[in-house]
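Source file: data_37.pdb (PDB, C-alpha atoms and all ligand atoms)
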```
MODEL        1
ATOM      1  CA  MET K  16       0.000   0.000   0.000
ATOM      2  CA  ARG K  17       1.137   3.502  -0.839
ATOM      3  CA  LEU K  18      -0.811   5.849   1.408
ATOM      4  CA  VAL K  19      -0.981   9.494   2.353
ATOM      5  CA  PHE K  20      -2.567  10.549   5.664
ATOM      6  CA  LEU K  21      -4.230  13.926   5.517
ATOM      7  CA  GLY K  22      -5.888  15.748   8.397
ATOM      8  CA  ALA K  23      -5.613  18.624  10.831
ATOM      9  CA  PRO K  24      -3.024  18.832  13.625
ATOM     10  CA  GLY K  25      -4.006  16.510  16.457
ATOM     11  CA  VAL K  26      -6.511  14.440  14.486
ATOM     12  CA  GLY K  27      -4.578  11.220  15.228
ATOM     13  CA  LYS K  28      -2.555  10.653  12.038
ATOM     14  CA  GLY K  29       0.563   9.548  13.908
ATOM     15  CA  THR K  30      -1.422   7.299  16.250
ATOM     16  CA  GLN K  31      -3.125   5.490  13.364
ATOM     17  CA  ALA K  32       0.006   5.293  11.210
ATOM     18  CA  ARG K  33       1.842   3.583  14.055
ATOM     19  CA  ARG K  34      -0.911   0.956  14.255
ATOM     20  CA  LEU K  35      -0.595   0.140  10.556
ATOM     21  CA  GLN K  36       3.152  -0.083  10.984
ATOM     22  CA  GLU K  37       2.804  -2.483  13.932
ATOM     23  CA  GLU K  38       0.218  -4.686  12.219
ATOM     24  CA  TYR K  39       1.505  -4.770   8.638
ATOM     25  CA  GLY K  40       5.094  -3.572   8.867
ATOM     26  CA  TRP K  41       4.513  -0.666   6.491
ATOM     27  CA  THR K  42       7.080   2.112   6.723
ATOM     28  CA  VAL K  43       5.797   5.369   8.176
ATOM     29  CA  ILE K  44       7.432   8.520   6.874
ATOM     30  CA  ALA K  45       6.333  11.303   9.220
ATOM     31  CA  THR K  46       7.929  14.578   8.191
ATOM     32  CA  GLY K  47       7.149  16.214  11.559
ATOM     33  CA  ASP K  48       8.904  13.390  13.431
ATOM     34  CA  LEU K  49      11.911  13.531  11.076
ATOM     35  CA  LEU K  50      12.209  17.293  11.504
ATOM     36  CA  ARG K  51      11.911  17.066  15.314
ATOM     37  CA  GLN K  52      14.590  14.378  15.313
ATOM     38  CA  ALA K  53      16.870  16.624  13.253
ATOM     39  CA  MET K  54      16.195  19.454  15.733
ATOM     40  CA  ALA K  55      17.052  17.217  18.701
ATOM     41  CA  GLU K  56      20.297  16.146  17.019
ATOM     42  CA  GLY K  57      21.156  19.755  16.153
ATOM     43  CA  THR K  58      21.812  18.977  12.469
ATOM     44  CA  PRO K  59      21.861  21.852   9.925
ATOM     45  CA  LEU K  60      18.382  20.752   8.750
ATOM     46  CA  GLY K  61      17.162  20.781  12.357
ATOM     47  CA  GLU K  62      18.585  24.260  12.930
ATOM     48  CA  LEU K  63      16.818  25.535   9.813
ATOM     49  CA  ALA K  64      13.509  23.856  10.624
ATOM     50  CA  LYS K  65      13.395  24.973  14.258
ATOM     51  CA  ALA K  66      12.241  28.555  13.721
ATOM     52  CA  TYR K  67       9.375  27.458  11.474
ATOM     53  CA  ILE K  68       8.177  24.608  13.695
ATOM     54  CA  GLN K  69       8.254  26.722  16.848
ATOM     55  CA  LYS K  70       6.032  29.298  15.152
ATOM     56  CA  GLY K  71       3.687  26.684  13.681
ATOM     57  CA  GLU K  72       4.674  27.631  10.121
ATOM     58  CA  LEU K  73       5.426  25.130   7.372
ATOM     59  CA  VAL K  74       9.103  24.391   6.812
ATOM     60  CA  PRO K  75      10.210  25.418   3.256
ATOM     61  CA  ASP K  76       9.138  22.941   0.572
ATOM     62  CA  ALA K  77      12.644  22.272  -0.754
ATOM     63  CA  LEU K  78      13.781  20.917   2.622
ATOM     64  CA  VAL K  79      10.864  18.555   3.161
ATOM     65  CA  ASN K  80      10.733  17.419  -0.473
ATOM     66  CA  GLN K  81      14.361  16.371  -0.185
ATOM     67  CA  LEU K  82      13.719  14.589   3.133
ATOM     68  CA  VAL K  83      10.821  12.592   1.686
ATOM     69  CA  SER K  84      12.353  11.727  -1.674
ATOM     70  CA  GLU K  85      15.441  10.267   0.048
ATOM     71  CA  ARG K  86      13.279   8.016   2.208
ATOM     72  CA  LEU K  87      10.842   6.893  -0.460
ATOM     73  CA  GLN K  88      13.569   5.213  -2.528
ATOM     74  CA  GLY K  89      12.758   1.532  -3.043
ATOM     75  CA  LEU K  90       9.789   1.425  -0.653
ATOM     76  CA  GLU K  91       6.808  -0.692  -1.661
ATOM     77  CA  HIS K  92       4.529  -0.123   1.342
ATOM     78  CA  PHE K  93       4.502   3.226   3.069
ATOM     79  CA  VAL K  94       2.359   5.739   4.899
ATOM     80  CA  LEU K  95       3.195   9.394   4.430
ATOM     81  CA  ASP K  96       2.112  11.203   7.610
ATOM     82  CA  GLY K  97       2.180  14.988   7.318
ATOM     83  CA  TYR K  98       3.324  15.143   3.690
ATOM     84  CA  PRO K  99       2.258  16.587   1.319
ATOM     85  CA  ARG K 100       1.018  19.651   3.102
ATOM     86  CA  ASN K 101       0.385  22.061   0.236
ATOM     87  CA  LEU K 102      -0.170  21.907  -3.516
ATOM     88  CA  THR K 103       3.509  22.346  -4.390
ATOM     89  CA  GLN K 104       4.427  19.326  -2.254
ATOM     90  CA  ALA K 105       1.572  17.268  -3.750
ATOM     91  CA  GLU K 106       2.836  17.999  -7.261
ATOM     92  CA  MET K 107       6.384  17.155  -6.198
ATOM     93  CA  LEU K 108       5.188  13.854  -4.731
ATOM     94  CA  GLU K 109       3.546  12.910  -8.020
ATOM     95  CA  ARG K 110       6.861  13.456  -9.763
ATOM     96  CA  ILE K 111       9.023  11.474  -7.332
ATOM     97  CA  LEU K 112       6.756   8.435  -6.868
ATOM     98  CA  PRO K 113       7.793   5.517  -9.043
ATOM     99  CA  GLN K 114       4.210   4.158  -8.819
ATOM    100  CA  PRO K 115       1.028   6.106  -8.086
ATOM    101  CA  LEU K 116      -0.583   6.310  -4.647
ATOM    102  CA  ASP K 117      -3.255   3.753  -3.709
ATOM    103  CA  ALA K 118      -5.231   6.090  -1.464
ATOM    104  CA  VAL K 119      -5.246   9.323   0.495
ATOM    105  CA  VAL K 120      -6.938   8.949   3.869
ATOM    106  CA  TYR K 121      -8.520  12.125   5.166
ATOM    107  CA  PHE K 122      -9.246  12.033   8.917
ATOM    108  CA  GLU K 123     -12.100  14.320   9.855
ATOM    109  CA  LEU K 124     -12.695  15.815  13.334
ATOM    110  CA  ALA K 125     -14.325  18.934  14.825
ATOM    111  CA  GLU K 126     -11.993  21.716  15.987
ATOM    112  CA  GLU K 127     -12.840  21.468  19.738
ATOM    113  CA  ALA K 128     -11.843  17.807  19.674
ATOM    114  CA  LEU K 129      -8.569  18.635  17.881
ATOM    115  CA  ILE K 130      -7.711  21.190  20.553
ATOM    116  CA  ALA K 131      -8.545  18.713  23.345
ATOM    117  CA  ARG K 132      -6.245  16.109  21.776
ATOM    118  CA  LEU K 133      -3.361  18.556  21.285
ATOM    119  CA  SER K 134      -3.623  20.182  24.706
ATOM    120  CA  GLY K 135      -3.374  16.825  26.502
ATOM    121  CA  ARG K 136      -0.631  15.299  24.363
ATOM    122  CA  ARG K 137       2.644  14.272  26.009
ATOM    123  CA  ILE K 138       5.569  12.845  24.077
ATOM    124  CA  CYS K 139       8.681  10.930  24.993
ATOM    125  CA  PRO K 140      11.723  12.892  23.829
ATOM    126  CA  ALA K 141      13.820   9.703  23.795
ATOM    127  CA  CYS K 142      11.753   7.032  22.012
ATOM    128  CA  GLY K 143       9.041   9.158  20.382
ATOM    129  CA  ALA K 144       6.087   7.434  22.099
ATOM    130  CA  VAL K 145       2.935   9.584  22.146
ATOM    131  CA  PHE K 146       0.498   9.747  25.076
ATOM    132  CA  HIS K 147      -2.538  11.746  26.119
ATOM    133  CA  VAL K 148      -3.177  12.696  29.740
ATOM    134  CA  VAL K 149      -6.842  11.619  29.523
ATOM    135  CA  SER K 150      -7.365   9.275  26.568
ATOM    136  CA  ASN K 151      -4.020   7.471  26.523
ATOM    137  CA  PRO K 152      -2.018   8.075  29.718
ATOM    138  CA  SER K 153       1.335   6.443  30.336
ATOM    139  CA  ALA K 154       1.100   3.619  32.878
ATOM    140  CA  ARG K 155       4.020   5.322  34.662
ATOM    141  CA  GLY K 156       2.398   8.759  34.956
ATOM    142  CA  GLU K 157       4.877  11.458  33.994
ATOM    143  CA  LEU K 158       7.418   8.891  32.756
ATOM    144  CA  CYS K 159       7.363   7.031  29.439
ATOM    145  CA  ASP K 160       6.067   3.523  30.082
ATOM    146  CA  ARG K 161       8.312   2.147  27.331
ATOM    147  CA  CYS K 162      11.674   3.651  28.267
ATOM    148  CA  GLY K 163      11.228   5.540  31.566
ATOM    149  CA  THR K 164      12.200   8.987  30.210
ATOM    150  CA  PRO K 165      10.263  12.000  31.621
ATOM    151  CA  LEU K 166       7.498  12.988  29.181
ATOM    152  CA  VAL K 167       7.351  16.488  27.706
ATOM    153  CA  ILE K 168       4.828  18.744  25.983
ATOM    154  CA  ARG K 169       5.606  19.249  22.292
ATOM    155  CA  GLU K 170       6.891  22.788  21.826
ATOM    156  CA  ASP K 171       4.306  23.598  19.172
ATOM    157  CA  ASP K 172       1.389  22.366  21.338
ATOM    158  CA  ARG K 173       1.190  25.663  23.258
ATOM    159  CA  PRO K 174      -2.298  27.201  22.764
ATOM    160  CA  GLU K 175      -1.188  30.193  20.643
ATOM    161  CA  THR K 176       0.918  27.989  18.359
ATOM    162  CA  VAL K 177      -1.915  25.455  18.060
ATOM    163  CA  ARG K 178      -4.254  28.209  16.871
ATOM    164  CA  HIS K 179      -1.730  29.232  14.235
ATOM    165  CA  ARG K 180      -1.127  25.620  13.093
ATOM    166  CA  LEU K 181      -4.874  25.156  12.640
ATOM    167  CA  ARG K 182      -4.992  28.314  10.507
ATOM    168  CA  VAL K 183      -2.017  27.198   8.406
ATOM    169  CA  TYR K 184      -3.709  23.829   7.961
ATOM    170  CA  GLN K 185      -6.953  25.459   6.719
ATOM    171  CA  GLU K 186      -5.161  27.778   4.335
ATOM    172  CA  GLN K 187      -2.454  25.543   2.909
ATOM    173  CA  THR K 188      -3.275  21.876   3.542
ATOM    174  CA  ALA K 189      -7.083  21.628   3.415
ATOM    175  CA  PRO K 190      -7.142  22.417  -0.353
ATOM    176  CA  LEU K 191      -5.517  18.993  -0.833
ATOM    177  CA  ILE K 192      -8.820  17.350   0.148
ATOM    178  CA  ASP K 193     -10.377  18.488  -3.143
ATOM    179  CA  TYR K 194      -7.152  17.898  -5.041
ATOM    180  CA  TYR K 195      -7.191  14.216  -4.107
ATOM    181  CA  ARG K 196     -10.976  13.901  -4.347
ATOM    182  CA  GLN K 197     -10.725  15.032  -7.967
ATOM    183  CA  ARG K 198      -8.139  12.294  -8.536
ATOM    184  CA  SER K 199     -10.508   9.676  -7.000
ATOM    185  CA  LEU K 200      -7.963   8.847  -4.292
ATOM    186  CA  LEU K 201      -9.728  10.297  -1.245
ATOM    187  CA  ARG K 202     -11.105   8.032   1.523
ATOM    188  CA  VAL K 203     -12.757   9.930   4.367
ATOM    189  CA  VAL K 204     -12.467   8.477   7.877
ATOM    190  CA  ASP K 205     -14.425   9.851  10.829
ATOM    191  CA  ALA K 206     -11.756  10.419  13.519
ATOM    192  CA  GLU K 207     -14.140  10.669  16.477
ATOM    193  CA  GLY K 208     -14.122   7.973  19.138
ATOM    194  CA  THR K 209     -11.358   5.853  20.610
ATOM    195  CA  PRO K 210      -8.150   5.089  18.688
ATOM    196  CA  GLU K 211      -9.434   1.512  18.295
ATOM    197  CA  GLU K 212     -12.745   2.675  16.789
ATOM    198  CA  VAL K 213     -10.918   4.954  14.367
ATOM    199  CA  TYR K 214      -8.546   2.121  13.443
ATOM    200  CA  GLN K 215     -11.507  -0.143  12.607
ATOM    201  CA  ARG K 216     -12.898   2.563  10.299
ATOM    202  CA  LEU K 217      -9.497   3.097   8.738
ATOM    203  CA  GLN K 218      -9.131  -0.585   7.932
ATOM    204  CA  LYS K 219     -12.601  -0.672   6.348
ATOM    205  CA  ALA K 220     -11.754   2.397   4.284
ATOM    206  CA  LEU K 221      -8.650   0.675   2.930
ATOM    207  CA  LEU K 222     -10.442  -2.494   1.763
TER
HETATM  208  P1  LIG K 301       3.498  17.299  12.401
HETATM  209  O1  LIG K 301       4.345  16.629  13.379
HETATM  210  O2  LIG K 301       3.137  16.598  11.135
HETATM  211  O3  LIG K 301       2.195  17.779  13.157
HETATM  212  P2  LIG K 301       0.662  17.914  12.727
HETATM  213  O4  LIG K 301       0.268  17.623  11.332
HETATM  214  O5  LIG K 301       0.315  19.245  13.227
HETATM  215  O6  LIG K 301      -0.028  16.742  13.426
HETATM  216  P3  LIG K 301       0.236  16.240  14.863
HETATM  217  O7  LIG K 301       1.449  15.392  14.898
HETATM  218  O8  LIG K 301       0.164  17.389  15.812
HETATM  219  O9  LIG K 301      -1.079  15.357  15.105
HETATM  220  P4  LIG K 301      -1.422  13.877  14.686
HETATM  221  O10 LIG K 301      -2.537  13.948  13.691
HETATM  222  O11 LIG K 301      -0.225  13.093  14.316
HETATM  223  O12 LIG K 301      -2.044  13.354  16.047
HETATM  224  P5  LIG K 301      -1.469  12.310  17.138
HETATM  225  O13 LIG K 301      -1.616  10.930  16.616
HETATM  226  O14 LIG K 301      -0.174  12.742  17.699
HETATM  227  O15 LIG K 301       4.173  18.680  11.966
HETATM  228  C1  LIG K 301       4.735  19.548  12.919
HETATM  229  C2  LIG K 301       5.419  20.707  12.228
HETATM  230  O16 LIG K 301       6.478  20.219  11.385
HETATM  231  C3  LIG K 301       4.542  21.529  11.280
HETATM  232  O17 LIG K 301       3.824  22.524  11.947
HETATM  233  C4  LIG K 301       5.588  22.100  10.312
HETATM  234  O18 LIG K 301       6.266  23.169  10.903
HETATM  235  C5  LIG K 301       6.566  20.956  10.176
HETATM  236  N1  LIG K 301       6.228  20.074   9.050
HETATM  237  C6  LIG K 301       5.876  18.744   9.133
HETATM  238  N2  LIG K 301       5.627  18.249   7.914
HETATM  239  C7  LIG K 301       5.818  19.270   7.034
HETATM  240  C8  LIG K 301       5.688  19.385   5.626
HETATM  241  N3  LIG K 301       5.315  18.348   4.863
HETATM  242  N4  LIG K 301       5.960  20.589   5.058
HETATM  243  C9  LIG K 301       6.352  21.639   5.797
HETATM  244  N5  LIG K 301       6.477  21.609   7.137
HETATM  245  C10 LIG K 301       6.208  20.429   7.742
HETATM  246  O19 LIG K 301      -2.609  12.502  18.268
HETATM  247  C11 LIG K 301      -2.725  13.719  18.982
HETATM  248  C12 LIG K 301      -3.076  13.435  20.460
HETATM  249  O20 LIG K 301      -4.374  12.841  20.515
HETATM  250  C13 LIG K 301      -2.135  12.435  21.148
HETATM  251  O21 LIG K 301      -2.019  12.802  22.476
HETATM  252  C14 LIG K 301      -2.874  11.075  21.020
HETATM  253  O22 LIG K 301      -2.536  10.198  22.077
HETATM  254  C15 LIG K 301      -4.329  11.522  21.092
HETATM  255  N6  LIG K 301      -5.240  10.705  20.280
HETATM  256  C16 LIG K 301      -4.996  10.151  19.064
HETATM  257  N7  LIG K 301      -6.095   9.506  18.608
HETATM  258  C17 LIG K 301      -7.055   9.689  19.562
HETATM  259  C18 LIG K 301      -8.423   9.267  19.693
HETATM  260  N8  LIG K 301      -9.027   8.532  18.723
HETATM  261  N9  LIG K 301      -9.104   9.627  20.796
HETATM  262  C19 LIG K 301      -8.522  10.365  21.755
HETATM  263  N10 LIG K 301      -7.234  10.775  21.720
HETATM  264  C20 LIG K 301      -6.517  10.452  20.626
HETATM  265 MG    MG K 302       1.842  13.505  14.201
ENDMDL
END
```

Rewrite the structure of this file - the entire thing - as structure tokens.
Ligand code: AP5
Ligand code: MG
Amino acid sequence: MRLVFLGAPGVGKGTQARRLQEEYGWTVIATGDLLRQAMAEGTPLGELAKAYIQKGELVPDALVNQLVSERLQGLEHFVLDGYPRNLTQAEMLERILPQPLDAVVYFELAEEALIARLSGRRICPACGAVFHVVSNPSARGELCDRCGTPLVIREDDRPETVRHRLRVYQEQTAPLIDYYRQRSLLRVVDAEGTPEEVYQRLQKALL
């Protein structure tokens, strides 16, 4: 399967992509995760990306296009989480894919629910595990239940940055819904309910 996950910040793209990876072994390419990793390692890419991510702006297309095209080489089954994020990236993706996409999954959720998911998110800075203080707490409280590292709030999950990310999403990313609908690739998944309920819907949508 060659999939793109589309949807607003906090809708649960990363959570669902990880499930597909665990069940089927498909490779997840999450541009946000790759950029945060580069920031943590202090690489030149990370240094460049930092200012954009902290403000909730998109990182320049050339940087993310390069990041994705390197990783797509030779992959048969993949989930692109967080890419493409505007029309330029979508056109670039069409050019770099050796074979066309099978589907673009659009996760749909009301804005209040997105904000509730983002405001309660905690992440492990060491292993990348993602928790939620209410819906998916770590069994070890403030520590990661996989590796024991103290959990942190993602820097761009502060309320003012969240508002800006939602605006950027509406302006730059949401137009991709029609772009992929016109290409008959769009599968809409209702993202309300528990992660398990959403996963069941996702699997049905991919049949
Ligand atoms: P990125 O990391 O891609 O962030 P995003 O798209 O804003 O999405 P999130 O990761 O915030 O949400 P998610 O949908 O993955 O939700 P999650 O599963 O974590 O991008 C960050 C930044 O990087 C961008 O702002 C930009 O600067 C840059 N960037 C990245 N890609 C780029 C690109 N292509 N071009 C340019 N710049 C780029 O879930 C959220 C929370 O909800 C968690 O706590 C989770 O536990 C919980 N949860 C999940 N599912 C459920 C459920 N069903 N019920 C209850 N809680 C749930
Ligand atoms: Mg994510």

Open item on the list: Report, in Å with one decimal, the straight-line distance from atom CA of Tyr214 of chain K to atom N7 of ligand LIG 301 (chain K).
Closed with: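 Distance reported for this atom pair: 9.3 Å.
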
Would you mind listing, for every residue of chain K within 10 Å of ligand MG 302 (chain K), the two atoms forming the shortest contact and the distance between them in Å to one decimal, using all atoms listed in the file, sorted by chain and ascending residue number, as a tab-separated table?
```
residue	atom	partner	partner_atom	distance
K:Gly22	CA	K:MG302	MG	9.9
K:Ala23	CA	K:MG302	MG	9.7
K:Pro24	CA	K:MG302	MG	7.2
K:Gly25	CA	K:MG302	MG	7.0
K:Val26	CA	K:MG302	MG	8.4
K:Gly27	CA	K:MG302	MG	6.9
K:Lys28	CA	K:MG302	MG	5.7
K:Gly29	CA	K:MG302	MG	4.2
K:Thr30	CA	K:MG302	MG	7.3
K:Gln31	CA	K:MG302	MG	9.5
K:Ala32	CA	K:MG302	MG	8.9
K:Arg33	CA	K:MG302	MG	9.9
K:Ala45	CA	K:MG302	MG	7.1
K:Thr46	CA	K:MG302	MG	8.6
K:Gly47	CA	K:MG302	MG	6.5
K:Asp48	CA	K:MG302	MG	7.1
K:Asp96	CA	K:MG302	MG	7.0
K:Gly97	CA	K:MG302	MG	7.0
K:Val145	CA	K:MG302	MG	8.9
```

Write out the residues from the selection above, keeping C-alpha atoms, as a PDB file, in the frame of the given file.
```pdb
ATOM      1  CA  GLY K  22      -5.888  15.748   8.397  1.00  0.00           C
ATOM      2  CA  ALA K  23      -5.613  18.624  10.831  1.00  0.00           C
ATOM      3  CA  PRO K  24      -3.024  18.832  13.625  1.00  0.00           C
ATOM      4  CA  GLY K  25      -4.006  16.510  16.457  1.00  0.00           C
ATOM      5  CA  VAL K  26      -6.511  14.440  14.486  1.00  0.00           C
ATOM      6  CA  GLY K  27      -4.578  11.220  15.228  1.00  0.00           C
ATOM      7  CA  LYS K  28      -2.555  10.653  12.038  1.00  0.00           C
ATOM      8  CA  GLY K  29       0.563   9.548  13.908  1.00  0.00           C
ATOM      9  CA  THR K  30      -1.422   7.299  16.250  1.00  0.00           C
ATOM     10  CA  GLN K  31      -3.125   5.490  13.364  1.00  0.00           C
ATOM     11  CA  ALA K  32       0.006   5.293  11.210  1.00  0.00           C
ATOM     12  CA  ARG K  33       1.842   3.583  14.055  1.00  0.00           C
ATOM     13  CA  ALA K  45       6.333  11.303   9.220  1.00  0.00           C
ATOM     14  CA  THR K  46       7.929  14.578   8.191  1.00  0.00           C
ATOM     15  CA  GLY K  47       7.149  16.214  11.559  1.00  0.00           C
ATOM     16  CA  ASP K  48       8.904  13.390  13.431  1.00  0.00           C
ATOM     17  CA  ASP K  96       2.112  11.203   7.610  1.00  0.00           C
ATOM     18  CA  GLY K  97       2.180  14.988   7.318  1.00  0.00           C
ATOM     19  CA  VAL K 145       2.935   9.584  22.146  1.00  0.00           C
TER      20      VAL K 145
END
```

- [ ] Given the file shown, determine the residues that the PyMOL selection byres (((chain K and resi 149) around 10) and not hetatm) selects; report them as a ChimeraX atom specification.
- [x] /K:131-132,135-136,146-148,150-153

- [ ] Return as a PyMOL selection string the set of residues that the PyMOL selection byres (((chain K and resi 66-77) around 10) and not hetatm) yields on the displayed structure.
- [x] chain K and resi 46-47+50-51+54+61-65+78-82+99-101+103-104+107+169-173+175-184+187

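In this comparison, which uses all atoms listed in the file, the residue of K:Thr58, K:Gln52, K:Gln114, K:Gln218 approaching ligand LIG 301 (chain K) most closely is K:Gln52.
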
Please evaluate the PyMOL selection byres (((chain K and resi 202) around 7) and not hetatm) against the structure above and give the resulting residues as a PDB file with C-alpha atoms, in the coordinates of the input.
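Saved result, expr-v7.pdb, follows:
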```
ATOM      1  CA  ALA K 118      -5.231   6.090  -1.464  1.00  0.00           C
ATOM      2  CA  VAL K 119      -5.246   9.323   0.495  1.00  0.00           C
ATOM      3  CA  VAL K 120      -6.938   8.949   3.869  1.00  0.00           C
ATOM      4  CA  TYR K 121      -8.520  12.125   5.166  1.00  0.00           C
ATOM      5  CA  LEU K 200      -7.963   8.847  -4.292  1.00  0.00           C
ATOM      6  CA  LEU K 201      -9.728  10.297  -1.245  1.00  0.00           C
ATOM      7  CA  VAL K 203     -12.757   9.930   4.367  1.00  0.00           C
ATOM      8  CA  VAL K 204     -12.467   8.477   7.877  1.00  0.00           C
ATOM      9  CA  ALA K 220     -11.754   2.397   4.284  1.00  0.00           C
TER      10      ALA K 220
END
```

Task: Coordinates-based distance that separates atom N1 of ligand LIG 301 (chain K) from atom CA of Gly163 of chain K (Å, one decimal) - done: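 So the two atoms, atom CA of Gly163 of chain K and atom N1 of ligand LIG 301 (chain K), lie 27.3 Å apart.
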
Task: For atom CA of Leu49 of chain K and atom P5 of ligand LIG 301 (chain K), the interatomic separation in Å (one decimal) - done: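 Atom P5 of ligand LIG 301 (chain K) lies at a distance of 14.7 Å from atom CA of Leu49 of chain K.
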
Task: Pick from K:Ser134, K:Tyr98, K:Leu124, K:Thr164 nearest to ligand LIG 301 (chain K), counting all atoms listed in the file - done: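 Using all atoms listed in the file, ligand LIG 301 (chain K) sits closest to K:Tyr98.
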
TODO: Find the residues around Gln88 of chain K up to 10 Å (all atoms listed in the file counted), leave out those fewer than 6 positions away in its own chain, and share them as a list in words.
DONE: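 The neighbour list is Ile111, Leu112 and Pro113 of chain K.
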
I need the chosen residues saved as a PDB file, in the frame of the given file, with C-alpha atoms.
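File written: selection06.pdb
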```pdb
ATOM      1  CA  ILE K 111       9.023  11.474  -7.332  1.00  0.00           C
ATOM      2  CA  LEU K 112       6.756   8.435  -6.868  1.00  0.00           C
ATOM      3  CA  PRO K 113       7.793   5.517  -9.043  1.00  0.00           C
TER       4      PRO K 113
END
```
